[in-house]
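For reference, target25.cif (mmCIF, C-alpha atoms):
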```cif
data_run
loop_
_atom_site.label_atom_id
_atom_site.label_comp_id
_atom_site.auth_asym_id
_atom_site.auth_seq_id
_atom_site.Cartn_x
_atom_site.Cartn_y
_atom_site.Cartn_z
CA MET T 1 2.68 -5.71 -20.67
CA ILE T 2 3.75 -6.43 -17.08
CA VAL T 3 0.98 -6.48 -14.48
CA ALA T 4 1.35 -6.34 -10.71
CA ALA T 5 -1.41 -6.76 -8.15
CA HIS T 6 -1.97 -6.36 -4.44
CA GLN T 7 -4.73 -5.89 -1.90
CA PRO T 8 -5.69 -2.30 -1.03
CA ALA T 9 -3.39 -0.87 1.62
CA TYR T 10 -3.76 1.85 4.25
CA LEU T 11 -0.68 4.12 4.18
CA PRO T 12 1.13 1.67 1.84
CA TRP T 13 4.77 0.93 2.60
CA LEU T 14 7.59 1.67 0.16
CA GLY T 15 7.83 -1.89 -1.20
CA TYR T 16 4.17 -1.68 -2.26
CA LEU T 17 4.86 1.51 -4.19
CA ASP T 18 8.08 0.11 -5.65
CA LYS T 19 6.12 -2.81 -7.12
CA MET T 20 3.53 -0.42 -8.51
CA ALA T 21 6.21 1.69 -10.19
CA LYS T 22 7.86 -1.35 -11.84
CA CYS T 23 4.82 -2.55 -13.78
CA ASP T 24 2.76 -1.27 -16.70
CA LEU T 25 -0.59 -1.75 -14.94
CA PHE T 26 -1.33 -2.17 -11.25
CA VAL T 27 -4.45 -4.07 -10.19
CA VAL T 28 -5.85 -3.52 -6.71
CA MET T 29 -7.35 -6.82 -5.56
CA ASP T 30 -10.29 -5.37 -3.68
CA GLU T 31 -12.43 -8.54 -3.91
CA LEU T 32 -10.06 -10.70 -1.86
CA ALA T 33 -10.92 -11.62 1.71
CA PHE T 34 -10.20 -9.03 4.39
CA GLU T 35 -7.29 -10.17 6.54
CA PRO T 36 -7.33 -9.03 10.19
CA ARG T 37 -3.97 -7.80 11.49
CA ASN T 38 -2.72 -7.27 7.95
CA PHE T 39 -2.14 -3.93 6.21
CA GLN T 40 -5.54 -3.24 4.67
CA ASN T 41 -6.57 -1.14 7.67
CA ARG T 42 -3.32 -0.33 9.48
CA ASN T 43 0.34 0.57 9.10
CA ARG T 44 3.24 1.89 11.15
CA ILE T 45 4.84 5.29 11.59
CA ALA T 46 7.94 6.41 13.47
CA ARG T 47 7.69 7.94 16.93
CA GLU T 48 10.41 9.05 19.31
CA ARG T 49 10.24 5.76 21.20
CA GLY T 50 10.08 3.60 18.09
CA PRO T 51 7.45 2.44 15.58
CA ALA T 52 3.74 2.80 16.35
CA TRP T 53 0.66 1.36 14.66
CA LEU T 54 -2.09 3.51 13.17
CA THR T 55 -5.26 1.43 12.83
CA VAL T 56 -8.62 2.10 11.22
CA PRO T 57 -11.32 0.21 13.17
CA VAL T 58 -13.63 -1.90 11.03
CA GLN T 59 -17.00 -3.51 11.56
CA PRO T 60 -17.13 -7.32 11.89
CA ASP T 61 -19.46 -7.79 8.92
CA GLY T 62 -18.15 -8.18 5.35
CA GLU T 63 -15.67 -10.87 4.38
CA ARG T 64 -14.33 -9.17 1.24
CA ILE T 65 -12.23 -6.03 1.41
CA VAL T 66 -14.61 -4.25 -0.96
CA ASP T 67 -17.48 -4.88 1.50
CA LYS T 68 -15.63 -3.91 4.69
CA LEU T 69 -17.12 -0.95 6.56
CA ILE T 70 -15.24 1.38 8.90
CA ASP T 71 -16.42 1.48 12.51
CA ASN T 72 -17.26 5.13 13.11
CA GLY T 73 -19.11 4.42 16.35
CA LEU T 74 -16.86 6.48 18.60
CA ARG T 75 -17.28 10.26 18.46
CA GLY T 76 -15.33 13.33 19.47
CA ASP T 77 -11.81 12.87 20.76
CA ASP T 78 -12.26 9.09 20.82
CA ASN T 79 -12.99 8.87 17.09
CA TRP T 80 -10.23 7.05 15.18
CA GLN T 81 -9.66 10.05 12.89
CA HIS T 82 -9.08 12.43 15.79
CA ARG T 83 -6.77 9.97 17.52
CA THR T 84 -4.78 9.34 14.34
CA TRP T 85 -4.47 13.03 13.55
CA ARG T 86 -3.21 13.84 17.04
CA THR T 87 -0.65 11.03 16.78
CA LEU T 88 0.58 12.21 13.38
CA VAL T 89 0.93 15.83 14.50
CA SER T 90 2.72 14.94 17.72
CA SER T 91 5.05 12.56 15.87
CA TYR T 92 5.92 14.65 12.82
CA ARG T 93 5.26 18.32 13.58
CA HIS T 94 9.01 19.04 13.80
CA VAL T 95 9.99 16.85 10.83
CA PRO T 96 11.35 18.93 7.89
CA TYR T 97 8.52 18.59 5.34
CA PHE T 98 5.43 17.91 7.46
CA ALA T 99 4.06 21.42 6.95
CA ARG T 100 4.45 21.09 3.18
CA TYR T 101 2.01 18.16 3.00
CA ILE T 102 -0.22 18.82 5.99
CA ASP T 103 -3.18 20.21 4.02
CA ASP T 104 -3.42 17.16 1.75
CA LEU T 105 -3.32 14.88 4.76
CA ARG T 106 -5.76 16.91 6.83
CA PHE T 107 -8.45 16.21 4.24
CA VAL T 108 -8.26 12.48 5.06
CA PHE T 109 -9.13 13.11 8.69
CA THR T 110 -11.94 15.60 8.15
CA GLN T 111 -14.07 13.45 5.82
CA GLN T 112 -16.64 10.86 6.80
CA TRP T 113 -15.35 7.56 5.41
CA ARG T 114 -17.81 4.69 5.27
CA ARG T 115 -16.03 1.98 3.25
CA LEU T 116 -12.47 0.95 4.01
CA VAL T 117 -11.67 0.45 0.33
CA ASP T 118 -12.48 4.10 -0.44
CA LEU T 119 -10.13 5.30 2.29
CA ASP T 120 -7.40 2.93 1.08
CA PHE T 121 -7.76 4.14 -2.50
CA TYR T 122 -7.50 7.74 -1.37
CA MET T 123 -4.28 6.94 0.51
CA ILE T 124 -2.89 5.08 -2.52
CA ASP T 125 -3.75 8.02 -4.77
CA LEU T 126 -2.11 10.40 -2.30
CA ALA T 127 1.10 8.36 -2.41
CA ARG T 128 0.96 8.29 -6.22
CA ARG T 129 0.52 12.06 -6.36
CA TRP T 130 3.26 12.88 -3.85
CA LEU T 131 5.73 10.46 -5.47
CA LYS T 132 4.63 11.14 -9.07
CA ILE T 133 3.78 7.51 -9.88
CA GLN T 134 1.97 7.51 -13.22
CA VAL T 135 1.38 3.77 -13.70
CA PRO T 136 -2.38 3.29 -14.26
CA ILE T 137 -4.38 1.30 -11.70
CA VAL T 138 -7.65 -0.62 -11.92
CA ARG T 139 -9.84 -2.35 -9.37
CA ALA T 140 -10.19 -6.11 -9.66
CA SER T 141 -13.91 -5.66 -8.92
CA SER T 142 -14.23 -3.96 -12.31
CA LEU T 143 -12.83 -6.98 -14.20
CA ASP T 144 -15.69 -9.46 -13.58
CA LEU T 145 -13.43 -12.24 -12.30
CA ALA T 146 -14.77 -15.76 -11.76
CA PRO T 147 -14.36 -17.38 -8.32
CA GLY T 148 -11.08 -19.20 -7.73
CA ASP T 149 -7.96 -19.33 -5.58
CA LEU T 150 -5.34 -16.58 -5.66
CA THR T 151 -3.43 -18.12 -8.57
CA ASP T 152 -6.64 -18.52 -10.61
CA GLN T 153 -7.58 -14.92 -9.89
CA LEU T 154 -4.20 -13.58 -10.97
CA ILE T 155 -4.22 -15.63 -14.17
CA GLN T 156 -7.64 -14.19 -14.95
CA VAL T 157 -6.41 -10.67 -14.23
CA CYS T 158 -3.48 -11.07 -16.62
CA LYS T 159 -5.65 -12.47 -19.39
CA LYS T 160 -8.36 -9.85 -18.94
CA VAL T 161 -5.90 -6.99 -19.41
CA GLY T 162 -3.68 -8.71 -21.99
CA ALA T 163 -0.57 -9.04 -19.80
CA ARG T 164 2.30 -11.29 -20.82
CA ALA T 165 4.00 -11.25 -17.40
CA TYR T 166 3.03 -10.94 -13.77
CA LEU T 167 5.27 -9.11 -11.28
CA SER T 168 4.97 -10.73 -7.86
CA GLY T 169 6.18 -9.56 -4.49
CA ASN T 170 8.44 -11.72 -2.33
CA GLY T 171 6.20 -11.84 0.75
CA ASN T 172 3.31 -14.27 1.19
CA ALA T 173 3.15 -14.77 -2.58
CA VAL T 174 6.25 -16.97 -2.41
CA THR T 175 4.15 -19.67 -0.74
CA THR T 176 0.64 -18.81 -1.98
CA LEU T 177 1.29 -18.18 -5.69
CA ASP T 178 1.64 -21.26 -7.91
CA ALA T 179 4.19 -19.82 -10.33
CA GLU T 180 4.32 -23.06 -12.31
CA ARG T 181 0.57 -22.94 -12.96
CA VAL T 182 0.85 -19.29 -13.99
CA GLY T 183 3.62 -20.22 -16.40
CA ARG T 184 1.57 -23.05 -17.91
CA SER T 185 -1.16 -20.53 -18.66
CA GLY T 186 1.28 -18.66 -20.90
CA ILE T 187 2.11 -15.86 -18.47
CA GLY T 188 5.65 -15.25 -17.24
CA VAL T 189 6.34 -14.64 -13.54
CA ILE T 190 8.77 -11.94 -12.41
CA TRP T 191 9.78 -11.69 -8.75
CA GLN T 192 10.19 -8.24 -7.26
CA VAL T 193 13.55 -7.44 -5.72
CA PHE T 194 13.21 -4.46 -3.39
CA ASP T 195 16.13 -2.84 -1.58
CA HIS T 196 14.61 -0.63 1.13
CA PRO T 197 16.24 2.82 1.03
CA VAL T 198 17.80 4.32 4.15
CA TYR T 199 17.01 8.03 4.40
CA PRO T 200 17.37 10.80 6.97
CA GLN T 201 14.78 10.08 9.66
CA ALA T 202 14.02 12.76 12.24
CA CYS T 203 12.15 10.59 14.70
CA GLY T 204 12.44 6.96 15.63
CA GLY T 205 13.80 4.68 18.27
CA GLY T 206 17.30 4.61 19.64
CA ASP T 207 18.23 1.55 17.61
CA GLY T 208 18.85 3.34 14.33
CA PHE T 209 16.82 3.57 11.14
CA LEU T 210 13.24 2.28 11.21
CA SER T 211 12.24 0.56 7.96
CA ASN T 212 8.99 -0.81 6.54
CA LEU T 213 6.87 2.14 7.64
CA GLY T 214 4.01 3.84 5.81
CA PHE T 215 5.11 6.03 2.90
CA ILE T 216 4.37 9.25 4.77
CA ASP T 217 7.50 8.77 6.89
CA LEU T 218 9.71 9.09 3.80
CA VAL T 219 7.78 12.05 2.40
CA PHE T 220 7.63 13.99 5.67
CA ASN T 221 11.37 13.53 6.17
CA CYS T 222 12.62 14.04 2.61
CA GLY T 223 9.97 16.02 0.74
CA PRO T 224 10.61 16.52 -2.99
CA ALA T 225 13.68 14.26 -2.83
CA SER T 226 11.50 11.28 -1.85
CA ARG T 227 10.89 10.11 -5.41
CA GLU T 228 14.59 10.05 -6.22
CA ILE T 229 15.36 8.25 -2.95
CA LEU T 230 12.82 5.54 -3.69
CA PHE T 231 13.04 5.22 -7.47
CA GLY T 232 16.33 6.85 -8.46
CA ARG T 233 18.26 3.59 -8.41
CA GLY T 234 17.75 0.72 -10.83
CA HIS T 235 14.79 -1.59 -10.47
CA PRO T 236 16.26 -5.11 -10.34
CA ILE T 237 13.86 -7.92 -11.22
CA HIS T 238 14.40 -11.54 -12.12
CA VAL T 239 12.24 -13.92 -14.14
CA ALA T 240 11.09 -17.19 -12.58
CA ALA T 241 12.87 -20.21 -14.02
#
```

Rewrite the coordinates I just gave you, this time as structure tokens.
Amino acid sequence: MIVAAHQPAYLPWLGYLDKMAKCDLFVVMDELAFEPRNFQNRNRIARERGPAWLTVPVQPDGERIVDKLIDNGLRGDDNWQHRTWRTLVSSYRHVPYFARYIDDLRFVFTQQWRRLVDLDFYMIDLARRWLKIQVPIVRASSLDLAPGDLTDQLIQVCKKVGARAYLSGNGNAVTTLDAERVGRSGIGVIWQVFDHPVYPQACGGGDGFLSNLGFIDLVFNCGPASREILFGRGHPIHVAA
């Protein structure tokens, strides 16, 4: 079994979903520390003048992602849900497949979300449903992990679920994951190789294709063809030496 893991993500980008689709079990590391200015509570979309951030405000209390609460202090038109919805509609209302998915997305912005992790999981599930990703997922908080650094945590995850290999992304994990220590524990390390697809994009800046956006940009632009665009090609991976 190949396991991959990542923190919860708001509007996960395509590389996140690519890693999920390449493994046999995906573990959402919801007990890790919340990282300000990361992607647990924000991501980018395309607008006519270029990329724009959509951010979910959070309260200062709670160091772990699983404990982080959304700041719902502002009401009416100033509430983050109203602002985000207006931005999405103004950005994508003329994009080919926005109307096809609007009802699913409207639900997100009409519910009262209290915990960030619940909102993130809903967004992840929405991406899985729209892109037909059937790889099972579990929350790290359900695995009763002992305290430790990131490498210790991932070794525990693999052993808890009976994995023989861990699929790692090529971002921060390159410097934070001790692949040698993982290997000594009897678990192989596989590095993700992700080639970001270029697809028809109705809105964006004047400098050409905008990459590394939230998954909704692909789906709103390409609709049912999105799965083939993202997963239709081979999934190259290579095993750590």

With distances taken over only C-alpha atoms, which residue among T:Ile229, T:Ile137, T:Val219, T:Ile155 lies nearest T:Arg184?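 Closest to T:Arg184 of all the choices is T:Ile155.
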
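Put simply, atom CA of T:Pro224 is 13.1 Å away from atom CA of T:Arg128.
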
Could you tell me how far atom CA of T:His6 sits from atom CA of T:Lys159, in Å to one decimal place?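 Spanning atom CA of T:Lys159 to atom CA of T:His6 is a straight-line distance of 16.6 Å.
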
Counting all atoms listed in the file, the option among T:Trp130, T:Phe109, T:Phe231, T:Tyr10 closest to T:Ile45: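 Nearest candidate to T:Ile45 out of T:Trp130, T:Phe109, T:Phe231, T:Tyr10: T:Tyr10.
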
Applying the PyMOL selection byres ((chain T and resi 40) around 12) to the file I just gave you, which residues come out? Please list them as a ChimeraX atom specification. /T:6-13,28-30,32-39,41-43,54-58,64-66,68-70,115-121,123-124,214

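Coordinates place atom CA of T:Cys203 at a distance of 7.5 Å from atom CA of T:Ser91.
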
So for stretch 147-166 of chain T, what box centre and size do we get, axis-aligned, 6 Å extra on each of the six sides, every listed atom, Å to one decimal, as AutoDock Vina command-line options?
```
--center_x -5.2 --center_y -13.2 --center_z -13.8 --size_x 30.4 --size_y 24.3 --size_z 28.4
```

Evaluating the PyMOL selection byres ((chain T and resi 21) around 12) on the displayed file yields which residues, as a PDB file with C-alpha atoms, in the coordinates of the input?
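Result file is result-v4.pdb:
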```pdb
ATOM      1  CA  ILE T   2       3.750  -6.430 -17.080  1.00  0.00           C
ATOM      2  CA  VAL T   3       0.980  -6.480 -14.480  1.00  0.00           C
ATOM      3  CA  ALA T   4       1.350  -6.340 -10.710  1.00  0.00           C
ATOM      4  CA  ALA T   5      -1.410  -6.760  -8.150  1.00  0.00           C
ATOM      5  CA  LEU T  14       7.590   1.670   0.160  1.00  0.00           C
ATOM      6  CA  GLY T  15       7.830  -1.890  -1.200  1.00  0.00           C
ATOM      7  CA  TYR T  16       4.170  -1.680  -2.260  1.00  0.00           C
ATOM      8  CA  LEU T  17       4.860   1.510  -4.190  1.00  0.00           C
ATOM      9  CA  ASP T  18       8.080   0.110  -5.650  1.00  0.00           C
ATOM     10  CA  LYS T  19       6.120  -2.810  -7.120  1.00  0.00           C
ATOM     11  CA  MET T  20       3.530  -0.420  -8.510  1.00  0.00           C
ATOM     12  CA  LYS T  22       7.860  -1.350 -11.840  1.00  0.00           C
ATOM     13  CA  CYS T  23       4.820  -2.550 -13.780  1.00  0.00           C
ATOM     14  CA  ASP T  24       2.760  -1.270 -16.700  1.00  0.00           C
ATOM     15  CA  LEU T  25      -0.590  -1.750 -14.940  1.00  0.00           C
ATOM     16  CA  PHE T  26      -1.330  -2.170 -11.250  1.00  0.00           C
ATOM     17  CA  ALA T 127       1.100   8.360  -2.410  1.00  0.00           C
ATOM     18  CA  ARG T 128       0.960   8.290  -6.220  1.00  0.00           C
ATOM     19  CA  LEU T 131       5.730  10.460  -5.470  1.00  0.00           C
ATOM     20  CA  LYS T 132       4.630  11.140  -9.070  1.00  0.00           C
ATOM     21  CA  ILE T 133       3.780   7.510  -9.880  1.00  0.00           C
ATOM     22  CA  GLN T 134       1.970   7.510 -13.220  1.00  0.00           C
ATOM     23  CA  VAL T 135       1.380   3.770 -13.700  1.00  0.00           C
ATOM     24  CA  PRO T 136      -2.380   3.290 -14.260  1.00  0.00           C
ATOM     25  CA  ILE T 137      -4.380   1.300 -11.700  1.00  0.00           C
ATOM     26  CA  LEU T 167       5.270  -9.110 -11.280  1.00  0.00           C
ATOM     27  CA  GLN T 192      10.190  -8.240  -7.260  1.00  0.00           C
ATOM     28  CA  PHE T 194      13.210  -4.460  -3.390  1.00  0.00           C
ATOM     29  CA  ARG T 227      10.890  10.110  -5.410  1.00  0.00           C
ATOM     30  CA  LEU T 230      12.820   5.540  -3.690  1.00  0.00           C
ATOM     31  CA  PHE T 231      13.040   5.220  -7.470  1.00  0.00           C
ATOM     32  CA  GLY T 232      16.330   6.850  -8.460  1.00  0.00           C
ATOM     33  CA  GLY T 234      17.750   0.720 -10.830  1.00  0.00           C
ATOM     34  CA  HIS T 235      14.790  -1.590 -10.470  1.00  0.00           C
TER      35      HIS T 235
END
```

Long-range neighbours of T:Asp178 as a ChimeraX atom specification, 10 Å cut-off, only C-alpha atoms, 6 positions minimum in chain: /T:150-152,189

The PyMOL selection byres ((chain T and resi 179) around 12) resolved against shown file, as a ChimeraX atom specification: /T:150-152,154-155,165-169,173-178,180-191,239-241
